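Data from input.cif: mmCIF, C-alpha atoms, pLDDT in the B column; chains and numbers go by the auth columns
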```
data_input
loop_
_atom_site.group_PDB
_atom_site.id
_atom_site.type_symbol
_atom_site.label_atom_id
_atom_site.label_comp_id
_atom_site.label_asym_id
_atom_site.label_seq_id
_atom_site.Cartn_x
_atom_site.Cartn_y
_atom_site.Cartn_z
_atom_site.B_iso_or_equiv
_atom_site.auth_seq_id
_atom_site.auth_asym_id
ATOM 1 C CA MET A 1 -26.597 9.267 10.756 56.00 1 S
ATOM 2 C CA LEU A 2 -22.806 9.519 10.870 50.00 2 S
ATOM 3 C CA PRO A 3 -21.005 11.380 8.087 56.00 3 S
ATOM 4 C CA ASP A 4 -18.737 9.529 5.680 60.00 4 S
ATOM 5 C CA ILE A 5 -15.113 10.063 6.592 63.00 5 S
ATOM 6 C CA ASN A 6 -12.736 10.081 3.669 79.00 6 S
ATOM 7 C CA SER A 7 -9.419 8.363 4.168 84.00 7 S
ATOM 8 C CA PRO A 8 -6.211 9.833 2.790 90.00 8 S
ATOM 9 C CA GLU A 9 -5.129 8.380 -0.543 93.00 9 S
ATOM 10 C CA PHE A 10 -1.585 7.757 -1.681 94.00 10 S
ATOM 11 C CA SER A 11 -0.165 7.047 -5.113 95.00 11 S
ATOM 12 C CA LEU A 12 2.158 4.168 -5.811 92.00 12 S
ATOM 13 C CA GLU A 13 4.090 3.139 -8.895 92.00 13 S
ATOM 14 C CA LEU A 14 3.742 -0.566 -9.643 91.00 14 S
ATOM 15 C CA PRO A 15 7.111 -2.283 -10.010 89.00 15 S
ATOM 16 C CA SER A 16 6.103 -4.533 -12.914 87.00 16 S
ATOM 17 C CA SER A 17 4.618 -1.910 -15.223 87.00 17 S
ATOM 18 C CA GLY A 18 5.466 1.526 -13.813 88.00 18 S
ATOM 19 C CA LYS A 19 1.732 2.323 -13.835 92.00 19 S
ATOM 20 C CA SER A 20 0.473 4.511 -10.973 93.00 20 S
ATOM 21 C CA ILE A 21 -2.378 3.451 -8.714 94.00 21 S
ATOM 22 C CA PHE A 22 -4.015 5.003 -5.669 95.00 22 S
ATOM 23 C CA TYR A 23 -4.548 3.264 -2.353 95.00 23 S
ATOM 24 C CA ARG A 24 -5.726 4.087 1.130 94.00 24 S
ATOM 25 C CA PRO A 25 -4.649 2.725 4.523 93.00 25 S
ATOM 26 C CA PHE A 26 -6.762 -0.118 5.803 88.00 26 S
ATOM 27 C CA LEU A 27 -9.437 0.736 8.311 88.00 27 S
ATOM 28 C CA VAL A 28 -10.593 -1.117 11.416 89.00 28 S
ATOM 29 C CA LYS A 29 -12.799 -3.420 9.315 90.00 29 S
ATOM 30 C CA GLU A 30 -9.844 -4.521 7.143 89.00 30 S
ATOM 31 C CA GLU A 31 -7.635 -4.969 10.189 88.00 31 S
ATOM 32 C CA LYS A 32 -10.318 -7.178 11.739 92.00 32 S
ATOM 33 C CA ILE A 33 -10.524 -9.256 8.526 91.00 33 S
ATOM 34 C CA LEU A 34 -6.755 -9.773 8.669 88.00 34 S
ATOM 35 C CA LEU A 35 -6.719 -10.650 12.385 89.00 35 S
ATOM 36 C CA MET A 36 -9.549 -13.169 11.995 91.00 36 S
ATOM 37 C CA ALA A 37 -7.770 -14.841 9.078 89.00 37 S
ATOM 38 C CA MET A 38 -4.561 -15.068 11.117 86.00 38 S
ATOM 39 C CA GLU A 39 -6.461 -16.690 13.996 89.00 39 S
ATOM 40 C CA GLY A 40 -7.987 -19.241 11.596 85.00 40 S
ATOM 41 C CA ASN A 41 -4.461 -20.229 10.563 82.00 41 S
ATOM 42 C CA LYS A 42 -5.629 -21.557 7.174 88.00 42 S
ATOM 43 C CA LYS A 43 -3.978 -20.555 3.914 88.00 43 S
ATOM 44 C CA GLU A 44 -7.325 -20.223 2.092 90.00 44 S
ATOM 45 C CA GLU A 45 -8.673 -17.825 4.721 89.00 45 S
ATOM 46 C CA MET A 46 -5.499 -15.713 4.615 89.00 46 S
ATOM 47 C CA ASP A 47 -5.567 -15.583 0.794 89.00 47 S
ATOM 48 C CA HIS A 48 -9.224 -14.515 0.849 91.00 48 S
ATOM 49 C CA ALA A 49 -8.542 -11.867 3.522 91.00 49 S
ATOM 50 C CA LEU A 50 -5.651 -10.394 1.533 91.00 50 S
ATOM 51 C CA SER A 51 -7.836 -10.358 -1.584 91.00 51 S
ATOM 52 C CA GLN A 52 -10.595 -8.513 0.304 92.00 52 S
ATOM 53 C CA ILE A 53 -8.179 -5.966 1.763 93.00 53 S
ATOM 54 C CA LEU A 54 -6.487 -5.243 -1.563 93.00 54 S
ATOM 55 C CA THR A 55 -9.848 -4.947 -3.345 92.00 55 S
ATOM 56 C CA ASN A 56 -11.176 -2.587 -0.662 92.00 56 S
ATOM 57 C CA CYS A 57 -8.101 -0.365 -0.368 93.00 57 S
ATOM 58 C CA VAL A 58 -6.863 -0.010 -3.957 94.00 58 S
ATOM 59 C CA LYS A 59 -8.345 2.126 -6.729 92.00 59 S
ATOM 60 C CA TYR A 60 -7.666 0.265 -9.945 89.00 60 S
ATOM 61 C CA ASP A 61 -9.416 0.234 -13.327 88.00 61 S
ATOM 62 C CA GLY A 62 -9.554 -3.572 -13.433 88.00 62 S
ATOM 63 C CA ASP A 63 -9.550 -6.443 -10.978 90.00 63 S
ATOM 64 C CA VAL A 64 -6.713 -5.831 -8.533 91.00 64 S
ATOM 65 C CA MET A 65 -6.235 -9.576 -8.156 90.00 65 S
ATOM 66 C CA ASP A 66 -5.295 -9.822 -11.854 91.00 66 S
ATOM 67 C CA LEU A 67 -2.082 -7.881 -11.165 92.00 67 S
ATOM 68 C CA PRO A 68 1.217 -9.805 -10.990 90.00 68 S
ATOM 69 C CA PHE A 69 1.991 -11.242 -7.564 89.00 69 S
ATOM 70 C CA ILE A 70 4.998 -8.948 -7.122 88.00 70 S
ATOM 71 C CA ASP A 71 2.687 -5.933 -7.478 92.00 71 S
ATOM 72 C CA LEU A 72 0.201 -7.365 -4.971 92.00 72 S
ATOM 73 C CA GLU A 73 2.945 -7.911 -2.393 91.00 73 S
ATOM 74 C CA TYR A 74 4.360 -4.430 -3.014 92.00 74 S
ATOM 75 C CA ILE A 75 0.919 -2.818 -2.660 93.00 75 S
ATOM 76 C CA PHE A 76 0.129 -4.715 0.543 92.00 76 S
ATOM 77 C CA VAL A 77 3.446 -3.786 2.165 92.00 77 S
ATOM 78 C CA ASN A 78 2.836 -0.124 1.328 93.00 78 S
ATOM 79 C CA ILE A 79 -0.732 -0.276 2.664 93.00 79 S
ATOM 80 C CA ARG A 80 0.654 -1.779 5.868 90.00 80 S
ATOM 81 C CA ALA A 81 3.250 1.008 6.121 92.00 81 S
ATOM 82 C CA LYS A 82 0.565 3.711 5.935 92.00 82 S
ATOM 83 C CA SER A 83 -1.888 1.812 8.160 89.00 83 S
ATOM 84 C CA ILE A 84 0.219 0.575 11.061 87.00 84 S
ATOM 85 C CA ASP A 85 3.871 1.580 10.910 88.00 85 S
ATOM 86 C CA ASN A 86 6.606 1.710 8.314 89.00 86 S
ATOM 87 C CA ILE A 87 8.940 -0.209 10.647 91.00 87 S
ATOM 88 C CA ILE A 88 8.652 -4.011 10.770 87.00 88 S
ATOM 89 C CA LYS A 89 10.281 -5.745 13.728 90.00 89 S
ATOM 90 C CA LEU A 90 11.518 -9.272 13.062 87.00 90 S
ATOM 91 C CA ARG A 91 13.043 -11.937 15.276 88.00 91 S
ATOM 92 C CA VAL A 92 15.060 -14.473 13.315 86.00 92 S
ATOM 93 C CA GLY A 93 16.563 -17.740 14.543 82.00 93 S
ATOM 94 C CA HIS A 94 19.861 -19.200 13.405 77.00 94 S
ATOM 95 C CA LYS A 95 19.356 -21.194 10.220 74.00 95 S
ATOM 96 C CA ASN A 96 21.918 -23.989 10.505 71.00 96 S
ATOM 97 C CA ASN A 97 22.165 -24.356 14.258 64.00 97 S
ATOM 98 C CA THR A 98 19.310 -26.352 15.818 67.00 98 S
ATOM 99 C CA GLU A 99 20.867 -26.197 19.296 73.00 99 S
ATOM 100 C CA CYS A 100 20.894 -22.392 19.495 75.00 100 S
ATOM 101 C CA LYS A 101 17.531 -20.929 20.523 78.00 101 S
ATOM 102 C CA HIS A 102 18.734 -17.302 20.391 83.00 102 S
ATOM 103 C CA LEU A 103 16.682 -14.958 18.194 87.00 103 S
ATOM 104 C CA THR A 104 18.304 -11.942 16.565 87.00 104 S
ATOM 105 C CA GLU A 105 16.097 -8.866 16.320 92.00 105 S
ATOM 106 C CA TYR A 106 15.962 -6.752 13.170 90.00 106 S
ATOM 107 C CA GLU A 107 14.054 -3.643 12.191 92.00 107 S
ATOM 108 C CA ILE A 108 13.195 -3.037 8.548 89.00 108 S
ATOM 109 C CA ASP A 109 11.931 0.296 7.261 92.00 109 S
ATOM 110 C CA ILE A 110 9.370 -0.464 4.552 85.00 110 S
ATOM 111 C CA ASN A 111 10.025 2.914 2.949 86.00 111 S
ATOM 112 C CA ASP A 112 13.582 1.779 2.163 88.00 112 S
ATOM 113 C CA LEU A 113 12.480 -1.324 0.234 81.00 113 S
ATOM 114 C CA GLU A 114 13.072 -1.381 -3.508 80.00 114 S
ATOM 115 C CA VAL A 115 12.215 -3.937 -6.157 79.00 115 S
ATOM 116 C CA GLU A 116 15.293 -4.961 -8.134 76.00 116 S
ATOM 117 C CA ASN A 117 16.017 -7.284 -11.059 63.00 117 S
ATOM 118 C CA LEU A 118 12.532 -7.316 -12.503 64.00 118 S
ATOM 119 C CA ASP A 119 13.598 -8.811 -15.827 66.00 119 S
ATOM 120 C CA VAL A 120 10.765 -11.220 -16.449 61.00 120 S
ATOM 121 C CA ASP A 121 10.874 -13.777 -19.248 63.00 121 S
ATOM 122 C CA ASN A 122 7.386 -15.036 -20.044 63.00 122 S
ATOM 123 C CA LYS A 123 8.668 -17.864 -22.256 73.00 123 S
ATOM 124 C CA VAL A 124 8.231 -21.414 -21.032 73.00 124 S
ATOM 125 C CA MET A 125 10.690 -23.940 -22.419 76.00 125 S
ATOM 126 C CA LEU A 126 8.918 -27.195 -23.357 81.00 126 S
ATOM 127 C CA ASN A 127 12.037 -28.918 -24.663 81.00 127 S
ATOM 128 C CA ASP A 128 15.707 -28.200 -25.410 72.00 128 S
#
```
Please, can you express the file's structure as structure tokens?
Amino acid sequence: MLPDINSPEFSLELPSSGKSIFYRPFLVKEEKILLMAMEGNKKEEMDHALSQILTNCVKYDGDVMDLPFIDLEYIFVNIRAKSIDNIIKLRVGHKNNTECKHLTEYEIDINDLEVENLDVDNKVMLND
């Protein structure tokens, strides 16, 4: 029988509440879940895969999926940074020029990302 291998754990402060959580990088099984969902190319499969990965990789006292969406995105990006690489390489086309097929390459360091302007108003206006 193989021994259990503990993964490193990292703390992260949630942008919406300032509460600290712990998470681990995703393992081969989570990476396979993500790759299979991407191959399926269906939104429902991708949503379910992200839910599985977040549930598996995050230590939280409640249901991770009950957190605000901004926290879920922030957690996933940080898990990705510790699991694969903190640099994301993007290729972006020109927005208003359909004739130009040139793609501009960008590199984004996930560690430099910050959440700003988190003033949330939970009131819903029903009338004037």
For this session: Spell out the residues picked by the PyMOL selection byres ((chain S and resi 49-61) around 10) here, as an MDAnalysis selection string.
Result: chainID S and resid 7 9:11 20:27 29:38 43:48 62:65 67 72:73 75:76 79
Problem set entry | Residue members of the PyMOL selection byres ((chain S and resi 112-114) around 10) in the file shown, as number ranges by chain | S: 15, 74, 77-78, 86-87, 108-111, 115-116
For this session: Taking the file as shown, find all residues satisfying the PyMOL selection byres ((chain S and resi 103) around 9) and write them as a VMD selection string.
Result: chain S and resid 91 to 94 100 to 102 104 to 105
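Distances to Leu90 in chain S were evaluated for S:Tyr106, S:Gly18, S:Asp71, S:Leu12 using all atoms listed in the file, and the minimum falls at S:Tyr106.
You will find CA of Glu107 in chain S at 26.1 Å from CA of Pro8 in chain S.
Pairwise distance (CA of Lys42 in chain S, CA of Pro68 in chain S) equals 22.7 Å.
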Problem set entry | Distance in Å - CA of Ser83 in chain S versus CA of Leu14 in chain S | 18.8 Å
